[in-house]
Amino acid sequence: MNDIRLFFSCLSGILLSTALLSGQPSEQTATAPAPSGKSPRIVNIINFVRLIEPRTPAPKDPAEGLYQTTVKQLELINRYHLPTTYLLQYDALIAPRYQELFKEQLQEGSEIGGWWEITQPHVEAAGMQWRGRYPWDWHANIGFATGYTPQEREKLVDIYMEKFKEVFGRYPASVGSWFIDAHTLKYMVDKYHITASCNCRDQVGTDGYTLWGGYWNQGYYPSRKNAYMPAQDTTGQIGVPVFRMLGSDPVYQYESGDGVASGLRTLEPGCSSGGGKPAWCEWFFKVMTEDPCLNYNYIQVGQENAFTWPGVREGFEFQIPLVDSLRKAGAIRVETLGETGRWYKKHFDVTPPTSVSALSGYEPADARTVWYDSRFYRTNLYWEENGRTFRIRDLHLFNEEFASDYLTEPGTSTECIYKTLPVIDGFAWSRHKSLMAGYRLVVLDGAGRRVEISGREPIVTEPDAQSVQVEWPLNDGLGSFLVILKEDRMEIGYKPENPEMTWMLEFTCNPEAELPLTAITPKTLKAQTQGFTYAMNCLQGTFAGNRDGDPDCRYRILPANNKIVLLTDTRKR
């Protein structure tokens, strides 16, 4: 610390310039909502409904426990007159008492939609043989459409839609699942005109389902080749927005777990470390409604009935009144998933950039973070010790040509894997608790030693509908670094400019981590994931190897004229 103070002492009298770092915009930009003050904070209450859950312990009748959970959810939410989305699995859709319950108890303004997990009666109604261990089997090749051929997937859609129309007199506007493949989703849009979908938040290994590196929160238009991958233009996208569910803790969820399987801290009422804890819920809603966000913020409240009422009661009975009070205060708007999908399609032709900021943490409280997503990439900026240390801990690129393994063939594994194109993976490439992966800002001191830069609380603003600017003031009034996140690029620069200063970004990670990197040239970082080649270009600055041979440092990015510009549009070279 003394070394860096000595090195910077000559700069203390220079004034900080607050001019934005320049850069060329992408040729096509997402349409943004008309300015109306604060970006909207949208809440969907989504409860999905199963008839049975083989893993749910119950004394005599597990199905009764699930049914009573749905009854309690309806009673509580109806008391506050909050619009809610209930998504029915096929086995619940055909059950007379669920049909009667929703026809009698669903309040005006709420909606019924589809939950896309595949069950025995669903498969048999489509004229196929059930392969599961139970009438509903959570293994990915049994309980999800990815385990079936494209033709079988279409049969399953047709059977569900016709039964739904028979029961409720119309087709559903909303269909959700932990994951829906691109073929199924496109078929639902083209033939039945659904207006919204939702999928699971990012996780690794939970129930055998890995979704990692995608559009982190809010919603996106998926690629026609990969429902987990945001598309880059209208010709390559499926015309329905997919919203990320479950309300991940923006600070701590990402690196929870052991690097092999992720942990759990979400808004789910059954999550004891998150949505089941009132103090955490208050913090979560505070950062999601008060801290800066780009274009809009999105929160999904609710849970499947499989957790049963004793497991979710405390969380629900705290969260629903809280949502009601925030709605009455004008801090949020509560609407159905279908309504949010229609709003999204009205305002955005392609996936818009969005952000989530948490300028405070919860246990410990000294962490800060900013998530930024666009149709080209996602990234995460992360500070600890009240802003003293800084790291870019995640960077995944998006390319609509990266096809899912399940696009044309059924998955045969009991697990399911959806990924994007990693450049930084702070979860998988860290030596947990001892060396966390990411880009770090360093300077060379007077003796030529690398010293990690330290600073203070970040300042987050949105200069326009495409960009997030983060100013990170350094200690002792020694200027600031500006990180500007734009739709197709990242810009990092030091102000005030000092030609004698030697700073750089260093990428450090677990030396034993298997990275997708295939080559590093001065202007291009090349990589390959699942046989798909991609690259990130350095428009200003250069990539360089680690000249000191430090095994923790894989490469550096050197600035040009005190600035680094990384192009995140993988289609450009």
# chains A, B, ... in the order shown; residues from 1 in each chain; ligands from 1
>>> select_by_dssp(residues="range 143-263 of chain A", states="helix (DSSP H, G or I)", output="VMD selection string")
chain A and resid 143 145 to 147 150 to 168 182 to 192 234 to 236
>>> write_last_selection(atoms="N, CA and C atoms", output="mmCIF file, in the first residue's frame")
data_model
loop_
_atom_site.group_PDB
_atom_site.id
_atom_site.type_symbol
_atom_site.label_atom_id
_atom_site.label_comp_id
_atom_site.auth_asym_id
_atom_site.auth_seq_id
_atom_site.Cartn_x
_atom_site.Cartn_y
_atom_site.Cartn_z
ATOM 1 N N GLY A 143 -37.733 -35.830 -17.805
ATOM 2 C CA GLY A 143 -38.680 -34.816 -17.354
ATOM 3 C C GLY A 143 -38.643 -33.512 -18.114
ATOM 4 N N ALA A 145 -38.142 -31.472 -22.179
ATOM 5 C CA ALA A 145 -38.287 -31.674 -23.615
ATOM 6 C C ALA A 145 -36.966 -32.001 -24.295
ATOM 7 N N THR A 146 -35.842 -31.640 -23.677
ATOM 8 C CA THR A 146 -34.544 -31.944 -24.280
ATOM 9 C C THR A 146 -34.310 -33.441 -24.418
ATOM 10 N N GLY A 147 -35.049 -34.258 -23.685
ATOM 11 C CA GLY A 147 -34.876 -35.702 -23.764
ATOM 12 C C GLY A 147 -35.669 -36.365 -24.879
ATOM 13 N N PRO A 150 -37.109 -33.758 -31.826
ATOM 14 C CA PRO A 150 -37.891 -32.567 -32.192
ATOM 15 C C PRO A 150 -39.328 -32.890 -32.576
ATOM 16 N N GLN A 151 -39.550 -33.991 -33.253
ATOM 17 C CA GLN A 151 -40.913 -34.358 -33.632
ATOM 18 C C GLN A 151 -41.742 -34.718 -32.395
ATOM 19 N N GLU A 152 -41.127 -35.415 -31.438
ATOM 20 C CA GLU A 152 -41.828 -35.747 -30.198
ATOM 21 C C GLU A 152 -42.123 -34.494 -29.388
ATOM 22 N N ARG A 153 -41.218 -33.545 -29.426
ATOM 23 C CA ARG A 153 -41.446 -32.284 -28.705
ATOM 24 C C ARG A 153 -42.677 -31.568 -29.250
ATOM 25 N N GLU A 154 -42.837 -31.566 -30.556
ATOM 26 C CA GLU A 154 -44.003 -30.919 -31.152
ATOM 27 C C GLU A 154 -45.294 -31.629 -30.739
ATOM 28 N N LYS A 155 -45.275 -32.954 -30.693
ATOM 29 C CA LYS A 155 -46.450 -33.695 -30.240
ATOM 30 C C LYS A 155 -46.807 -33.316 -28.809
ATOM 31 N N LEU A 156 -45.777 -33.192 -27.958
ATOM 32 C CA LEU A 156 -46.018 -32.829 -26.556
ATOM 33 C C LEU A 156 -46.617 -31.431 -26.450
ATOM 34 N N VAL A 157 -46.154 -30.517 -27.290
ATOM 35 C CA VAL A 157 -46.717 -29.169 -27.287
ATOM 36 C C VAL A 157 -48.177 -29.206 -27.725
ATOM 37 N N ASP A 158 -48.460 -29.894 -28.823
ATOM 38 C CA ASP A 158 -49.828 -29.935 -29.339
ATOM 39 C C ASP A 158 -50.807 -30.532 -28.321
ATOM 40 N N ILE A 159 -50.389 -31.634 -27.684
ATOM 41 C CA ILE A 159 -51.260 -32.275 -26.691
ATOM 42 C C ILE A 159 -51.538 -31.320 -25.539
ATOM 43 N N TYR A 160 -50.491 -30.650 -25.038
ATOM 44 C CA TYR A 160 -50.676 -29.737 -23.908
ATOM 45 C C TYR A 160 -51.597 -28.575 -24.298
ATOM 46 N N MET A 161 -51.323 -27.971 -25.443
ATOM 47 C CA MET A 161 -52.074 -26.783 -25.833
ATOM 48 C C MET A 161 -53.557 -27.102 -26.043
ATOM 49 N N GLU A 162 -53.844 -28.214 -26.664
ATOM 50 C CA GLU A 162 -55.244 -28.551 -26.891
ATOM 51 C C GLU A 162 -55.963 -28.853 -25.576
ATOM 52 N N LYS A 163 -55.282 -29.537 -24.669
ATOM 53 C CA LYS A 163 -55.887 -29.793 -23.359
ATOM 54 C C LYS A 163 -56.101 -28.484 -22.598
ATOM 55 N N PHE A 164 -55.132 -27.581 -22.661
ATOM 56 C CA PHE A 164 -55.259 -26.305 -21.971
ATOM 57 C C PHE A 164 -56.458 -25.529 -22.519
ATOM 58 N N LYS A 165 -56.583 -25.505 -23.846
ATOM 59 C CA LYS A 165 -57.706 -24.780 -24.450
ATOM 60 C C LYS A 165 -59.034 -25.433 -24.086
ATOM 61 N N GLU A 166 -59.051 -26.752 -24.005
ATOM 62 C CA GLU A 166 -60.266 -27.464 -23.612
ATOM 63 C C GLU A 166 -60.697 -27.086 -22.196
ATOM 64 N N VAL A 167 -59.712 -26.908 -21.312
ATOM 65 C CA VAL A 167 -60.013 -26.614 -19.909
ATOM 66 C C VAL A 167 -60.330 -25.141 -19.700
ATOM 67 N N PHE A 168 -59.512 -24.249 -20.288
ATOM 68 C CA PHE A 168 -59.622 -22.816 -19.972
ATOM 69 C C PHE A 168 -60.140 -21.966 -21.132
ATOM 70 N N ALA A 182 -34.641 -24.721 -27.847
ATOM 71 C CA ALA A 182 -35.000 -23.738 -28.866
ATOM 72 C C ALA A 182 -36.075 -24.254 -29.809
ATOM 73 N N HIS A 183 -36.019 -25.540 -30.168
ATOM 74 C CA HIS A 183 -37.019 -26.074 -31.101
ATOM 75 C C HIS A 183 -38.415 -25.997 -30.490
ATOM 76 N N THR A 184 -38.544 -26.423 -29.251
ATOM 77 C CA THR A 184 -39.841 -26.374 -28.574
ATOM 78 C C THR A 184 -40.331 -24.944 -28.425
ATOM 79 N N LEU A 185 -39.451 -24.059 -27.995
ATOM 80 C CA LEU A 185 -39.847 -22.672 -27.752
ATOM 81 C C LEU A 185 -40.305 -22.003 -29.048
ATOM 82 N N LYS A 186 -39.560 -22.204 -30.113
ATOM 83 C CA LYS A 186 -39.943 -21.609 -31.399
ATOM 84 C C LYS A 186 -41.275 -22.172 -31.886
ATOM 85 N N TYR A 187 -41.491 -23.461 -31.700
ATOM 86 C CA TYR A 187 -42.755 -24.075 -32.106
ATOM 87 C C TYR A 187 -43.919 -23.471 -31.324
ATOM 88 N N MET A 188 -43.737 -23.247 -30.024
ATOM 89 C CA MET A 188 -44.783 -22.628 -29.217
ATOM 90 C C MET A 188 -45.098 -21.211 -29.701
ATOM 91 N N VAL A 189 -44.050 -20.485 -30.094
ATOM 92 C CA VAL A 189 -44.248 -19.112 -30.562
ATOM 93 C C VAL A 189 -44.927 -19.105 -31.926
ATOM 94 N N ASP A 190 -44.418 -19.901 -32.848
ATOM 95 C CA ASP A 190 -44.926 -19.873 -34.222
ATOM 96 C C ASP A 190 -46.362 -20.380 -34.327
ATOM 97 N N LYS A 191 -46.698 -21.433 -33.592
ATOM 98 C CA LYS A 191 -48.017 -22.053 -33.748
ATOM 99 C C LYS A 191 -49.035 -21.548 -32.730
ATOM 100 N N TYR A 192 -48.574 -21.269 -31.499
ATOM 101 C CA TYR A 192 -49.525 -20.926 -30.440
ATOM 102 C C TYR A 192 -49.336 -19.510 -29.904
ATOM 103 N N THR A 234 -32.542 -9.624 -35.168
ATOM 104 C CA THR A 234 -33.908 -10.112 -35.273
ATOM 105 C C THR A 234 -34.013 -11.370 -36.130
ATOM 106 N N THR A 235 -33.148 -11.515 -37.123
ATOM 107 C CA THR A 235 -33.231 -12.694 -37.991
ATOM 108 C C THR A 235 -32.793 -13.961 -37.275
ATOM 109 N N GLY A 236 -31.976 -13.836 -36.240
ATOM 110 C CA GLY A 236 -31.470 -15.005 -35.538
ATOM 111 C C GLY A 236 -32.180 -15.320 -34.243
#
>>> atom_distance(atom1="CA of Val301 in chain A", atom2="CA of Val43 in chain A")
7.0 Å
>>> residues_around(residues="range 402-418 of chain A", least_positions_apart="6", cutoff="7 Å", atoms="only C-alpha atoms", output="ChimeraX atom specification")
/A:139-141,146-150,181-183,208-212,225-226,228,532
>>> select_by_dssp(residues="range 267-415 of chain A", states="strand (DSSP E)", output="number ranges by chain")
A: 297-301, 333-334, 354-358, 368-373, 377-384, 389-397
>>> write_last_selection(atoms="N, CA, C and O atoms", output="CSV table (one decimal), in the first residue's frame")
chain,number,residue,atom,x,y,z
A,297,ASN,N,-35.5,-3.2,-14.2
A,297,ASN,CA,-35.1,-4.3,-13.3
A,297,ASN,C,-36.2,-5.3,-13.2
A,297,ASN,O,-37.4,-5.0,-13.3
A,298,TYR,N,-35.9,-6.6,-12.9
A,298,TYR,CA,-36.9,-7.6,-12.9
A,298,TYR,C,-36.7,-8.5,-11.6
A,298,TYR,O,-35.5,-8.9,-11.3
A,299,ILE,N,-37.8,-8.8,-11.0
A,299,ILE,CA,-37.8,-9.6,-9.8
A,299,ILE,C,-38.9,-10.7,-9.9
A,299,ILE,O,-40.0,-10.4,-10.2
A,300,GLN,N,-38.5,-11.9,-9.7
A,300,GLN,CA,-39.5,-13.0,-9.7
A,300,GLN,C,-39.7,-13.5,-8.3
A,300,GLN,O,-38.8,-14.0,-7.7
A,301,VAL,N,-41.0,-13.4,-7.9
A,301,VAL,CA,-41.4,-13.9,-6.5
A,301,VAL,C,-42.2,-15.1,-6.7
A,301,VAL,O,-42.9,-15.3,-7.7
A,333,ARG,N,-43.9,-2.2,-10.0
A,333,ARG,CA,-45.1,-2.6,-10.6
A,333,ARG,C,-45.2,-4.1,-10.7
A,333,ARG,O,-44.3,-4.8,-11.0
A,334,VAL,N,-46.4,-4.6,-10.3
A,334,VAL,CA,-46.6,-6.0,-10.2
A,334,VAL,C,-47.5,-6.4,-11.4
A,334,VAL,O,-48.6,-5.8,-11.5
A,354,THR,N,-29.1,-4.3,-20.1
A,354,THR,CA,-29.7,-4.1,-18.7
A,354,THR,C,-28.6,-4.2,-17.7
A,354,THR,O,-27.5,-4.7,-18.0
A,355,SER,N,-28.9,-3.7,-16.5
A,355,SER,CA,-27.9,-3.9,-15.4
A,355,SER,C,-28.6,-4.1,-14.1
A,355,SER,O,-29.7,-3.7,-13.9
A,356,VAL,N,-27.8,-4.7,-13.2
A,356,VAL,CA,-28.3,-4.8,-11.8
A,356,VAL,C,-27.1,-4.3,-10.9
A,356,VAL,O,-26.0,-4.8,-11.1
A,357,SER,N,-27.4,-3.4,-10.0
A,357,SER,CA,-26.3,-2.9,-9.1
A,357,SER,C,-26.7,-3.2,-7.7
A,357,SER,O,-27.9,-3.1,-7.3
A,358,ALA,N,-25.8,-3.6,-6.9
A,358,ALA,CA,-26.0,-3.8,-5.5
A,358,ALA,C,-24.8,-3.0,-4.8
A,358,ALA,O,-23.7,-3.5,-4.8
A,368,ARG,N,-19.7,-4.9,-3.1
A,368,ARG,CA,-20.5,-4.1,-4.0
A,368,ARG,C,-20.4,-4.9,-5.4
A,368,ARG,O,-19.4,-5.5,-5.7
A,369,THR,N,-21.4,-4.7,-6.2
A,369,THR,CA,-21.3,-5.4,-7.5
A,369,THR,C,-22.2,-4.7,-8.5
A,369,THR,O,-23.2,-4.0,-8.2
A,370,VAL,N,-21.8,-4.8,-9.8
A,370,VAL,CA,-22.6,-4.4,-10.9
A,370,VAL,C,-22.6,-5.5,-12.0
A,370,VAL,O,-21.5,-5.9,-12.4
A,371,TRP,N,-23.8,-5.9,-12.3
A,371,TRP,CA,-24.0,-6.9,-13.4
A,371,TRP,C,-24.4,-6.1,-14.7
A,371,TRP,O,-25.3,-5.2,-14.6
A,372,TYR,N,-23.8,-6.4,-15.8
A,372,TYR,CA,-24.3,-5.8,-17.1
A,372,TYR,C,-24.5,-6.9,-18.1
A,372,TYR,O,-23.7,-7.8,-18.2
A,373,ASP,N,-25.6,-6.8,-18.8
A,373,ASP,CA,-26.0,-7.7,-19.8
A,373,ASP,C,-26.3,-7.0,-21.1
A,373,ASP,O,-27.0,-6.0,-21.0
A,377,TYR,N,-22.8,-9.8,-24.6
A,377,TYR,CA,-22.0,-10.3,-23.5
A,377,TYR,C,-22.7,-10.0,-22.2
A,377,TYR,O,-23.6,-9.2,-22.1
A,378,ARG,N,-22.1,-10.6,-21.2
A,378,ARG,CA,-22.4,-10.2,-19.8
A,378,ARG,C,-21.1,-10.1,-19.1
A,378,ARG,O,-20.1,-10.7,-19.4
A,379,THR,N,-21.1,-9.2,-18.1
A,379,THR,CA,-19.9,-9.1,-17.2
A,379,THR,C,-20.4,-8.7,-15.8
A,379,THR,O,-21.5,-8.2,-15.6
A,380,ASN,N,-19.4,-8.9,-14.9
A,380,ASN,CA,-19.7,-8.6,-13.5
A,380,ASN,C,-18.5,-7.9,-12.9
A,380,ASN,O,-17.4,-8.4,-12.9
A,381,LEU,N,-18.7,-6.7,-12.3
A,381,LEU,CA,-17.7,-5.9,-11.6
A,381,LEU,C,-18.0,-6.2,-10.1
A,381,LEU,O,-19.1,-6.1,-9.7
A,382,TYR,N,-16.9,-6.3,-9.4
A,382,TYR,CA,-17.0,-6.7,-8.0
A,382,TYR,C,-16.0,-6.1,-7.1
A,382,TYR,O,-14.8,-6.0,-7.4
A,383,TRP,N,-16.5,-5.5,-6.0
A,383,TRP,CA,-15.6,-4.8,-5.0
A,383,TRP,C,-15.8,-5.5,-3.7
A,383,TRP,O,-16.9,-5.9,-3.3
A,384,GLU,N,-14.7,-5.5,-2.9
A,384,GLU,CA,-14.8,-5.9,-1.5
A,384,GLU,C,-14.2,-4.8,-0.6
A,384,GLU,O,-13.6,-3.9,-1.1
A,389,THR,N,-10.9,-3.1,-2.9
A,389,THR,CA,-10.4,-4.0,-3.9
A,389,THR,C,-11.4,-4.2,-5.0
A,389,THR,O,-12.6,-4.2,-4.7
A,390,PHE,N,-10.9,-4.4,-6.2
A,390,PHE,CA,-11.7,-4.4,-7.4
A,390,PHE,C,-11.3,-5.6,-8.2
A,390,PHE,O,-10.1,-5.9,-8.4
A,391,ARG,N,-12.3,-6.3,-8.8
A,391,ARG,CA,-12.1,-7.4,-9.7
A,391,ARG,C,-13.2,-7.5,-10.7
A,391,ARG,O,-14.4,-7.3,-10.4
A,392,ILE,N,-12.9,-7.8,-12.0
A,392,ILE,CA,-13.9,-8.2,-13.0
A,392,ILE,C,-14.0,-9.7,-12.9
A,392,ILE,O,-13.0,-10.4,-13.3
A,393,ARG,N,-15.0,-10.2,-12.3
A,393,ARG,CA,-15.0,-11.7,-12.0
A,393,ARG,C,-15.8,-12.5,-12.9
A,393,ARG,O,-15.7,-13.8,-12.8
A,394,ASP,N,-16.4,-11.9,-13.9
A,394,ASP,CA,-17.1,-12.7,-14.9
A,394,ASP,C,-17.2,-11.9,-16.2
A,394,ASP,O,-17.4,-10.7,-16.3
A,395,LEU,N,-17.0,-12.7,-17.3
A,395,LEU,CA,-17.2,-12.1,-18.7
A,395,LEU,C,-17.5,-13.3,-19.6
A,395,LEU,O,-16.6,-14.2,-19.8
A,396,HIS,N,-18.7,-13.4,-20.1
A,396,HIS,CA,-19.1,-14.4,-21.0
A,396,HIS,C,-19.7,-13.7,-22.3
A,396,HIS,O,-20.4,-12.8,-22.2
A,397,LEU,N,-19.2,-14.2,-23.4
A,397,LEU,CA,-19.7,-13.7,-24.7
A,397,LEU,C,-20.9,-14.5,-25.2
A,397,LEU,O,-21.0,-15.7,-24.9
